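Asker: You'll find query_22.cif just under this line, and it carries mmCIF, C-alpha atoms.
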data_coords
loop_
_atom_site.label_atom_id
_atom_site.label_comp_id
_atom_site.auth_asym_id
_atom_site.auth_seq_id
_atom_site.Cartn_x
_atom_site.Cartn_y
_atom_site.Cartn_z
CA MET A 1 0.00 0.00 0.00
CA GLY A 2 1.14 3.52 -0.65
CA GLY A 3 0.63 4.76 2.89
CA PRO A 4 -0.02 8.31 4.04
CA GLN A 5 1.63 11.14 2.17
CA PRO A 6 2.37 14.73 3.21
CA VAL A 7 -0.55 17.09 2.82
CA ALA A 8 0.31 18.77 -0.48
CA GLY A 9 0.34 22.53 -0.20
CA ARG A 10 -1.31 22.36 3.23
CA GLU A 11 -4.63 22.06 1.39
CA ASP A 12 -6.56 20.46 4.23
CA ARG A 13 -7.28 23.42 6.45
CA ALA A 14 -9.18 21.24 8.93
CA LEU A 15 -5.94 19.45 9.78
CA ASP A 16 -4.16 22.78 10.00
CA GLY A 17 -6.51 23.72 12.83
CA VAL A 18 -5.32 20.81 15.00
CA ARG A 19 -2.73 22.00 17.54
CA VAL A 20 -0.18 19.45 18.70
CA GLY A 21 2.05 20.41 21.60
CA VAL A 22 5.68 19.28 21.64
CA VAL A 23 7.34 19.32 25.06
CA THR A 24 10.94 20.47 25.54
CA PHE A 25 12.92 19.36 28.59
CA PRO A 26 16.54 20.22 29.36
CA GLY A 27 18.33 17.63 27.22
CA SER A 28 15.59 17.11 24.62
CA LEU A 29 17.11 16.49 21.17
CA ASP A 30 14.23 15.71 18.85
CA ASP A 31 11.67 18.35 19.80
CA ARG A 32 12.25 20.41 16.65
CA ASP A 33 12.07 17.27 14.52
CA ALA A 34 8.70 16.45 16.09
CA VAL A 35 7.48 19.99 15.41
CA ARG A 36 8.49 19.63 11.77
CA ALA A 37 6.79 16.24 11.50
CA VAL A 38 3.50 17.69 12.77
CA ARG A 39 3.69 20.50 10.24
CA LEU A 40 4.57 18.17 7.38
CA ALA A 41 1.55 16.05 8.30
CA GLY A 42 -0.62 19.15 7.96
CA GLY A 43 -1.13 20.20 11.58
CA SER A 44 -0.01 23.13 13.69
CA ALA A 45 2.72 22.60 16.27
CA THR A 46 2.91 24.42 19.61
CA GLN A 47 6.16 24.31 21.56
CA LEU A 48 5.66 23.61 25.27
CA TRP A 49 8.18 24.12 28.08
CA HIS A 50 8.55 21.46 30.78
CA GLY A 51 8.44 24.00 33.61
CA ASP A 52 5.12 25.54 32.61
CA HIS A 53 1.74 24.67 34.11
CA ASP A 54 -0.35 25.37 31.00
CA LEU A 55 -0.95 23.08 28.03
CA GLN A 56 -2.08 26.12 26.02
CA GLY A 57 -5.22 24.39 24.81
CA VAL A 58 -3.41 21.89 22.55
CA ASP A 59 -5.34 18.95 21.11
CA ALA A 60 -2.54 16.38 21.50
CA VAL A 61 0.96 16.19 22.98
CA ILE A 62 4.26 14.67 21.86
CA ILE A 63 7.04 13.97 24.37
CA PRO A 64 10.11 13.74 22.13
CA GLY A 65 13.38 11.88 22.30
CA GLY A 66 16.63 12.98 23.86
CA PHE A 67 18.18 12.74 27.30
CA SER A 68 15.87 14.76 29.54
CA TYR A 69 17.70 16.08 32.59
CA GLY A 70 20.75 14.19 31.31
CA ASP A 71 19.11 10.85 32.20
CA TYR A 72 20.24 11.38 35.80
CA LEU A 73 18.97 8.70 38.19
CA ARG A 74 17.56 6.81 35.18
CA ALA A 75 16.02 7.77 31.86
CA GLY A 76 12.83 9.79 32.34
CA ALA A 77 12.86 9.53 36.13
CA ILE A 78 13.18 13.26 36.83
CA SER A 79 11.01 14.42 33.93
CA ARG A 80 7.93 12.74 35.34
CA PHE A 81 7.95 15.37 38.12
CA ALA A 82 8.04 18.35 35.76
CA PRO A 83 5.10 20.74 36.26
CA LEU A 84 3.86 20.22 32.71
CA MET A 85 3.82 16.44 33.19
CA GLU A 86 1.24 16.88 35.94
CA GLN A 87 -1.03 18.58 33.41
CA ILE A 88 -0.33 15.95 30.74
CA THR A 89 -0.96 13.04 33.09
CA ALA A 90 -4.29 14.46 34.24
CA ALA A 91 -5.44 15.30 30.70
CA ALA A 92 -4.39 11.92 29.28
CA SER A 93 -6.14 9.84 31.93
CA GLY A 94 -9.76 10.51 31.00
CA GLY A 95 -10.47 7.57 28.69
CA ALA A 96 -11.07 7.37 24.94
CA ASP A 97 -11.76 11.10 24.61
CA ALA A 98 -8.74 12.06 26.71
CA LEU A 99 -5.72 13.95 25.41
CA PRO A 100 -3.75 11.90 22.85
CA VAL A 101 -0.12 11.62 23.99
CA LEU A 102 2.82 10.13 22.10
CA GLY A 103 6.14 9.41 23.79
CA VAL A 104 9.08 8.69 21.48
CA CYS A 105 12.27 7.09 22.84
CA ASN A 106 13.04 9.23 25.93
CA GLY A 107 9.38 10.23 25.80
CA PHE A 108 8.41 6.55 26.07
CA GLN A 109 10.69 6.31 29.10
CA VAL A 110 8.97 9.34 30.65
CA LEU A 111 5.52 7.80 30.09
CA THR A 112 6.52 4.63 31.94
CA GLU A 113 8.00 6.64 34.79
CA ALA A 114 4.78 8.69 34.99
CA HIS A 115 2.76 5.43 35.05
CA LEU A 116 0.79 6.43 31.99
CA LEU A 117 2.18 3.21 30.48
CA PRO A 118 3.24 0.01 32.27
CA GLY A 119 6.66 -1.58 32.35
CA SER A 120 10.05 0.06 32.34
CA MET A 121 13.00 0.79 30.08
CA ILE A 122 16.48 -0.44 30.92
CA LYS A 123 19.81 -0.43 29.11
CA ASN A 124 20.07 -2.31 25.83
CA ASN A 125 21.16 -5.90 26.38
CA SER A 126 24.34 -5.14 24.41
CA LEU A 127 25.09 -2.26 26.83
CA HIS A 128 25.85 -0.14 23.74
CA PHE A 129 24.12 2.80 22.13
CA ILE A 130 22.30 1.69 18.95
CA CYS A 131 21.64 3.79 15.85
CA ARG A 132 20.14 2.10 12.79
CA ASP A 133 17.10 1.94 10.54
CA GLN A 134 14.65 -0.50 12.10
CA ARG A 135 11.81 -2.52 10.60
CA LEU A 136 8.63 -2.67 12.70
CA ARG A 137 5.25 -4.34 12.42
CA VAL A 138 2.13 -2.37 13.34
CA GLU A 139 0.27 -4.70 15.68
CA ASN A 140 -2.59 -2.35 16.54
CA ALA A 141 -3.91 0.19 14.05
CA GLY A 142 -6.73 1.18 16.37
CA THR A 143 -4.93 3.71 18.55
CA SER A 144 -5.05 7.48 18.23
CA TRP A 145 -1.60 7.41 16.66
CA THR A 146 -1.81 4.44 14.25
CA SER A 147 -5.14 4.64 12.40
CA ASP A 148 -3.46 5.56 9.11
CA TYR A 149 -1.80 2.15 9.09
CA ALA A 150 -3.26 -1.36 8.82
CA ASP A 151 -2.87 -4.16 11.33
CA GLY A 152 0.16 -6.18 10.29
CA GLU A 153 1.62 -3.44 8.09
CA GLU A 154 5.39 -3.04 8.30
CA ILE A 155 7.32 0.23 8.40
CA VAL A 156 10.98 1.29 8.56
CA ILE A 157 11.99 4.13 10.87
CA PRO A 158 15.26 5.05 12.62
CA LEU A 159 16.16 3.65 16.04
CA LYS A 160 18.68 5.37 18.32
CA ASN A 161 18.84 4.56 22.01
CA GLN A 162 20.89 3.37 24.92
CA ASP A 163 18.10 2.54 27.37
CA GLY A 164 15.72 0.96 24.89
CA GLN A 165 15.03 -2.46 26.38
CA PHE A 166 11.37 -2.71 27.38
CA VAL A 167 10.81 -4.94 30.40
CA ALA A 168 7.79 -5.99 32.45
CA ASP A 169 6.70 -9.00 34.46
CA ASN A 170 4.97 -11.83 32.63
CA ARG A 171 1.53 -10.91 33.97
CA THR A 172 1.84 -7.38 32.54
CA LEU A 173 3.17 -8.70 29.25
CA ASP A 174 0.27 -11.16 29.00
CA GLU A 175 -2.19 -8.32 29.68
CA LEU A 176 -0.62 -6.15 26.99
CA GLU A 177 -0.79 -8.99 24.50
CA GLY A 178 -4.30 -10.08 25.45
CA GLU A 179 -5.74 -6.56 25.34
CA GLY A 180 -4.11 -5.70 22.01
CA ARG A 181 -1.94 -3.02 23.60
CA VAL A 182 1.28 -4.06 21.88
CA VAL A 183 1.25 -1.42 19.15
CA PHE A 184 4.61 -2.00 17.44
CA ARG A 185 6.91 -5.02 17.37
CA TYR A 186 10.48 -5.36 16.12
CA VAL A 187 10.90 -7.33 12.89
CA ASP A 188 14.09 -8.88 11.48
CA GLY A 189 15.85 -9.00 14.82
CA ASN A 190 15.37 -7.57 18.29
CA PRO A 191 17.89 -4.71 18.60
CA ASN A 192 17.87 -4.22 22.36
CA GLY A 193 16.46 -7.29 24.11
CA SER A 194 12.96 -5.89 24.66
CA ARG A 195 10.60 -8.52 26.03
CA ARG A 196 8.60 -10.24 23.30
CA ASP A 197 10.17 -7.96 20.66
CA ILE A 198 7.97 -5.07 21.87
CA ALA A 199 8.83 -1.69 20.33
CA GLY A 200 5.74 0.25 21.37
CA ILE A 201 2.65 -0.07 23.58
CA SER A 202 -0.51 1.85 24.46
CA ASN A 203 -2.73 2.41 27.46
CA SER A 204 -6.10 0.67 27.57
CA ALA A 205 -7.92 3.59 25.94
CA GLY A 206 -5.44 3.82 23.06
CA ASN A 207 -4.87 7.56 23.42
CA VAL A 208 -1.41 7.18 25.00
CA VAL A 209 1.28 5.45 22.95
CA GLY A 210 4.96 4.95 23.68
CA LEU A 211 7.38 4.04 20.88
CA MET A 212 11.12 3.49 21.10
CA PRO A 213 12.15 4.11 17.43
CA HIS A 214 11.76 7.59 15.91
CA PRO A 215 8.95 8.18 13.39
CA GLU A 216 9.74 11.90 13.24
CA HIS A 217 12.96 11.02 11.39
CA ALA A 218 11.05 9.28 8.59
CA VAL A 219 8.57 11.89 7.40
CA GLU A 220 10.28 13.73 4.54
CA ALA A 221 11.89 12.34 1.41
CA GLY A 222 15.57 13.21 1.32
CA PHE A 223 15.88 13.17 5.11
CA GLY A 224 14.59 9.70 6.05
CA PRO A 225 15.87 6.13 6.05
CA ASP A 226 17.43 4.62 2.93
CA SER A 227 14.71 1.95 2.84
CA SER A 228 10.97 1.57 3.24
CA ALA A 229 8.71 -1.38 3.94
CA ARG A 230 6.51 -0.16 1.09
CA GLY A 231 9.04 -0.70 -1.68
CA ALA A 232 12.22 0.80 -3.10
CA VAL A 233 12.96 4.44 -2.32
CA GLU A 234 15.66 6.92 -3.25
CA VAL A 235 18.59 7.43 -0.89
CA ARG A 236 17.20 8.89 2.36
CA GLY A 237 13.74 8.60 0.82
CA GLY A 238 11.83 6.63 3.48
CA THR A 239 8.72 8.33 4.91
CA ASP A 240 7.08 5.40 6.70
CA GLY A 241 6.83 7.35 9.97
CA LEU A 242 4.52 10.06 8.64
CA GLY A 243 1.41 8.00 9.38
CA ILE A 244 1.97 8.41 13.13
CA PHE A 245 1.33 12.13 12.79
CA THR A 246 -1.40 12.05 10.14
CA SER A 247 -3.25 9.48 12.26
CA VAL A 248 -3.70 11.73 15.26
CA LEU A 249 -4.58 14.76 13.14
CA LYS A 250 -7.31 12.89 11.28
CA LYS A 251 -8.68 11.41 14.50
CA LEU A 252 -8.97 14.82 16.10
CA VAL A 253 -10.62 16.32 13.02
CA GLY A 254 -13.00 13.37 12.73
#
Could you take the file, read its structure, and then write that structure out as structure tokens?
Answerer:
Amino acid sequence: MGGPQPVAGREDRALDGVRVGVVTFPGSLDDRDAVRAVRLAGGSATQLWHGDHDLQGVDAVIIPGGFSYGDYLRAGAISRFAPLMEQITAAASGGADALPVLGVCNGFQVLTEAHLLPGSMIKNNSLHFICRDQRLRVENAGTSWTSDYADGEEIVIPLKNQDGQFVADNRTLDELEGEGRVVFRYVDGNPNGSRRDIAGISNSAGNVVGLMPHPEHAVEAGFGPDSSARGAVEVRGGTDGLGIFTSVLKKLVG
């Protein structure tokens, strides 16, 4: 399938009216990339500061990758106490109509620390930082962030992490599997030892999703991976990650 494409010429003004907040912590690296991804998908991005107490009326929130607070204590452990996280946690906890929240890489770590998602992230089993293009399978296309994909569809997006190994006890893992809350799974090899090849999960309502690889780095031809799960692409031509951002925009408009 061809998959979602950038909104040509920003023609869909309904999407343009959707405001997605992108949080910046000290040590965030990918906040500007997330802002650009939202805009390429057709939405409007609002930059949010971790120390503020106001979500500025945004319709969704992205917690981007990086090393918030330098990963002191452990990745995401300090960020969960940021004033803005109190607002995000409250707004995201209201069920199916609650605030959609996406945590990418360090953002995924923050969501587990804030108990918006179960489990925890520990160091890769290799004990080395990993940076590579990674193939994933979309296991659940019914979340706020995956509706532009199909169940079982595969995508290629960059992976770059040091504390990327998702762990949980067997009971939690069984619940995630049984409730369809495993959203993404690693394909063609598990890069970091994550339990059951899990690359991303959701809460029970599907509005909160955590994902270890980086979809915001696969949204624009010329600046993405060298490969795509949808067929051959030009060098740096992969845009498989764009559907993450178009999904939430279309859900909010719909």
Asker: Work out how far apart CA of Ser227 (chain A) and CA of Leu111 (chain A) are and give it in Å to one decimal.
Answerer: 29.3 Å
Asker: Figure out the distance between CA of Phe108 (chain A) and CA of Gly254 (chain A), please, to one decimal in Å.
Answerer: 26.1 Å
Asker: Can you list what the PyMOL selection byres ((chain A and resi 177) around 12) grabs from this structure, as a count of residues only?
Answerer: 26
Asker: Considering only C-alpha atoms, return as a VMD selection string whatever protein or nucleic-acid residues lie within 10 Å of region 63-79 of chain A, sequence-local ones (same chain, fewer than 5 positions apart) excluded.
Answerer: chain A and resid 21 to 35 48 50 to 51 84 to 85 88 101 to 114 120 to 123 160 to 164 210 to 214 216
Asker: Would you mind telling me which residue in A:Ile244, A:Gln134, A:Gly193, A:Val187 lies nearest to Ile62 (chain A) when using only C-alpha atoms?
Answerer: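 Residue with the minimum atom-to-atom distance to Ile62 (chain A): A:Ile244.
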Asker: Evaluating the PyMOL selection byres ((chain A and resi 252) around 10) on the displayed file yields which residues, as number ranges by chain?
Answerer: A: 14-15, 17-19, 59-60, 97, 99-100, 144, 247-251, 253-254
Asker: With all atoms listed in the file as the basis for distance, which of A:Gly43, A:Gly57, A:Gly119, A:Gly142 is at the shortest distance from Asn207 (chain A)?
Answerer: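 The answer is A:Gly142, which sits nearest to Asn207 (chain A).
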Asker: Enter the distance from CA of Trp49 (chain A) to CA of Val208 (chain A), in Å, rounded to one decimal.
Answerer: 19.7 Å
Asker: Please evaluate the PyMOL selection byres ((chain A and resi 150) around 12) against the displayed coordinates and give the resulting residues as a list in words.
Answerer: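 Output of the PyMOL selection byres ((chain A and resi 150) around 12): Met1, Gly2, Gly3, Pro4, Arg137, Val138, Glu139, Asn140, Ala141, Gly142, Thr143, Trp145, Thr146, Ser147, Asp148, Tyr149, Asp151, Gly152, Glu153, Glu154, Ile155, Val183, Phe184, Gly243, Ile244 and Ser247 of chain A.
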Asker: Next, dump the selected residues to file, keeping only C-alpha atoms, as an mmCIF file, keeping the file's coordinate frame.
Answerer:
data_model
loop_
_atom_site.group_PDB
_atom_site.id
_atom_site.type_symbol
_atom_site.label_atom_id
_atom_site.label_comp_id
_atom_site.auth_asym_id
_atom_site.auth_seq_id
_atom_site.Cartn_x
_atom_site.Cartn_y
_atom_site.Cartn_z
ATOM 1 C CA MET A 1 0.000 0.000 0.000
ATOM 2 C CA GLY A 2 1.140 3.520 -0.650
ATOM 3 C CA GLY A 3 0.630 4.760 2.890
ATOM 4 C CA PRO A 4 -0.020 8.310 4.040
ATOM 5 C CA ARG A 137 5.250 -4.340 12.420
ATOM 6 C CA VAL A 138 2.130 -2.370 13.340
ATOM 7 C CA GLU A 139 0.270 -4.700 15.680
ATOM 8 C CA ASN A 140 -2.590 -2.350 16.540
ATOM 9 C CA ALA A 141 -3.910 0.190 14.050
ATOM 10 C CA GLY A 142 -6.730 1.180 16.370
ATOM 11 C CA THR A 143 -4.930 3.710 18.550
ATOM 12 C CA TRP A 145 -1.600 7.410 16.660
ATOM 13 C CA THR A 146 -1.810 4.440 14.250
ATOM 14 C CA SER A 147 -5.140 4.640 12.400
ATOM 15 C CA ASP A 148 -3.460 5.560 9.110
ATOM 16 C CA TYR A 149 -1.800 2.150 9.090
ATOM 17 C CA ASP A 151 -2.870 -4.160 11.330
ATOM 18 C CA GLY A 152 0.160 -6.180 10.290
ATOM 19 C CA GLU A 153 1.620 -3.440 8.090
ATOM 20 C CA GLU A 154 5.390 -3.040 8.300
ATOM 21 C CA ILE A 155 7.320 0.230 8.400
ATOM 22 C CA VAL A 183 1.250 -1.420 19.150
ATOM 23 C CA PHE A 184 4.610 -2.000 17.440
ATOM 24 C CA GLY A 243 1.410 8.000 9.380
ATOM 25 C CA ILE A 244 1.970 8.410 13.130
ATOM 26 C CA SER A 247 -3.250 9.480 12.260
#
Asker: Show me, as a ChimeraX atom specification, the residues that have an atom within 9 Å of Ile157 (chain A) when counting only C-alpha atoms, minus same-chain residues fewer than 3 positions from it.
Answerer: /A:132-136,213-218,224-225,227-228,238-241
Asker: Go ahead and write the selection's residues with C-alpha atoms as a short mmCIF file (atom, residue, chain, number, x, y, z; two decimals), in the coordinates of the input.
Answerer:
data_model
loop_
_atom_site.label_atom_id
_atom_site.label_comp_id
_atom_site.auth_asym_id
_atom_site.auth_seq_id
_atom_site.Cartn_x
_atom_site.Cartn_y
_atom_site.Cartn_z
CA ARG A 132 20.14 2.10 12.79
CA ASP A 133 17.10 1.94 10.54
CA GLN A 134 14.65 -0.50 12.10
CA ARG A 135 11.81 -2.52 10.60
CA LEU A 136 8.63 -2.67 12.70
CA PRO A 213 12.15 4.11 17.43
CA HIS A 214 11.76 7.59 15.91
CA PRO A 215 8.95 8.18 13.39
CA GLU A 216 9.74 11.90 13.24
CA HIS A 217 12.96 11.02 11.39
CA ALA A 218 11.05 9.28 8.59
CA GLY A 224 14.59 9.70 6.05
CA PRO A 225 15.87 6.13 6.05
CA SER A 227 14.71 1.95 2.84
CA SER A 228 10.97 1.57 3.24
CA GLY A 238 11.83 6.63 3.48
CA THR A 239 8.72 8.33 4.91
CA ASP A 240 7.08 5.40 6.70
CA GLY A 241 6.83 7.35 9.97
#
Asker: Between A:His115, A:Pro191, A:Ala205, A:Ser93, which one has atoms that come closest to Ile130 (chain A), using all atoms listed in the file?
Answerer: A:Pro191
Asker: Could you check the closest approach to Ala92 (chain A) for each of A:Val235, A:Leu117, A:Ala221, A:Ala168 and tell me which residue wins, using only C-alpha atoms?
Answerer: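 Among the listed residues, A:Leu117 lies closest to Ala92 (chain A).
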Asker: Since fewer atoms than expected are present, regenerate all heavy atoms for region 184-195 of chain A and write them as a CSV table (one decimal), in the frame of the given file.
Answerer:
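Output contents, as saved in selection28.csv:
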chain,number,residue,atom,x,y,z
A,184,PHE,N,3.5,-1.8,18.4
A,184,PHE,CA,4.6,-2.0,17.4
A,184,PHE,C,5.5,-3.1,18.0
A,184,PHE,O,5.8,-3.2,19.2
A,184,PHE,CB,5.5,-0.8,17.3
A,184,PHE,CG,4.7,0.4,16.7
A,184,PHE,CD1,4.2,1.4,17.5
A,184,PHE,CD2,4.6,0.6,15.3
A,184,PHE,CE1,3.5,2.5,17.0
A,184,PHE,CE2,3.9,1.7,14.8
A,184,PHE,CZ,3.4,2.6,15.7
A,185,ARG,N,6.0,-3.9,17.0
A,185,ARG,CA,6.9,-5.0,17.4
A,185,ARG,C,8.1,-5.0,16.4
A,185,ARG,O,8.0,-4.7,15.2
A,185,ARG,CB,6.2,-6.4,17.3
A,185,ARG,CG,6.8,-7.4,18.3
A,185,ARG,CD,6.0,-8.7,18.1
A,185,ARG,NE,4.6,-8.7,18.4
A,185,ARG,CZ,4.1,-8.9,19.6
A,185,ARG,NH1,4.8,-9.1,20.7
A,185,ARG,NH2,2.8,-8.9,19.8
A,186,TYR,N,9.3,-5.3,16.9
A,186,TYR,CA,10.5,-5.4,16.1
A,186,TYR,C,10.4,-6.5,15.2
A,186,TYR,O,10.0,-7.6,15.5
A,186,TYR,CB,11.7,-5.5,17.0
A,186,TYR,CG,12.0,-4.3,17.9
A,186,TYR,CD1,11.9,-4.4,19.3
A,186,TYR,CD2,12.3,-3.1,17.3
A,186,TYR,CE1,12.2,-3.3,20.1
A,186,TYR,CE2,12.6,-2.0,18.1
A,186,TYR,CZ,12.5,-2.1,19.5
A,186,TYR,OH,12.7,-1.0,20.3
A,187,VAL,N,10.9,-6.3,13.9
A,187,VAL,CA,10.9,-7.3,12.9
A,187,VAL,C,12.3,-7.5,12.4
A,187,VAL,O,13.1,-6.5,12.4
A,187,VAL,CB,10.0,-7.0,11.7
A,187,VAL,CG1,10.1,-8.0,10.6
A,187,VAL,CG2,8.5,-6.8,12.2
A,188,ASP,N,12.7,-8.6,12.0
A,188,ASP,CA,14.1,-8.9,11.5
A,188,ASP,C,15.1,-8.6,12.5
A,188,ASP,O,16.2,-8.1,12.3
A,188,ASP,CB,14.4,-8.0,10.2
A,188,ASP,CG,13.5,-8.4,9.1
A,188,ASP,OD1,13.0,-9.5,9.0
A,188,ASP,OD2,13.4,-7.5,8.1
A,189,GLY,N,14.9,-9.1,13.7
A,189,GLY,CA,15.8,-9.0,14.8
A,189,GLY,C,15.5,-8.0,15.9
A,189,GLY,O,15.0,-6.9,15.6
A,190,ASN,N,15.6,-8.4,17.1
A,190,ASN,CA,15.4,-7.6,18.3
A,190,ASN,C,16.7,-6.8,18.6
A,190,ASN,O,17.7,-7.4,19.0
A,190,ASN,CB,14.9,-8.5,19.5
A,190,ASN,CG,14.5,-7.7,20.7
A,190,ASN,OD1,15.0,-6.6,21.0
A,190,ASN,ND2,13.6,-8.2,21.5
A,191,PRO,N,16.6,-5.5,18.5
A,191,PRO,CA,17.9,-4.7,18.6
A,191,PRO,C,18.4,-4.5,20.0
A,191,PRO,O,19.5,-4.2,20.2
A,191,PRO,CB,17.5,-3.4,17.9
A,191,PRO,CG,16.1,-3.2,18.2
A,191,PRO,CD,15.5,-4.6,18.1
A,192,ASN,N,17.5,-4.6,21.0
A,192,ASN,CA,17.9,-4.2,22.4
A,192,ASN,C,17.4,-5.2,23.5
A,192,ASN,O,17.7,-4.9,24.6
A,192,ASN,CB,17.3,-2.8,22.7
A,192,ASN,CG,15.8,-2.7,22.3
A,192,ASN,OD1,15.1,-3.7,22.4
A,192,ASN,ND2,15.4,-1.5,21.8
A,193,GLY,N,16.9,-6.3,23.1
A,193,GLY,CA,16.5,-7.3,24.1
A,193,GLY,C,15.1,-7.1,24.7
A,193,GLY,O,14.7,-7.7,25.7
A,194,SER,N,14.3,-6.2,24.1
A,194,SER,CA,13.0,-5.9,24.7
A,194,SER,C,12.1,-7.2,24.7
A,194,SER,O,12.2,-8.0,23.8
A,194,SER,CB,12.2,-4.9,23.8
A,194,SER,OG,12.8,-3.6,23.9
A,195,ARG,N,11.4,-7.3,25.8
A,195,ARG,CA,10.6,-8.5,26.0
A,195,ARG,C,9.6,-8.7,24.9
A,195,ARG,O,8.9,-7.7,24.5
A,195,ARG,CB,9.9,-8.5,27.4
A,195,ARG,CG,10.8,-8.3,28.6
A,195,ARG,CD,11.7,-9.5,28.7
A,195,ARG,NE,12.5,-9.4,29.9
A,195,ARG,CZ,13.7,-8.9,30.0
A,195,ARG,NH1,14.3,-8.3,28.9
A,195,ARG,NH2,14.4,-8.8,31.2
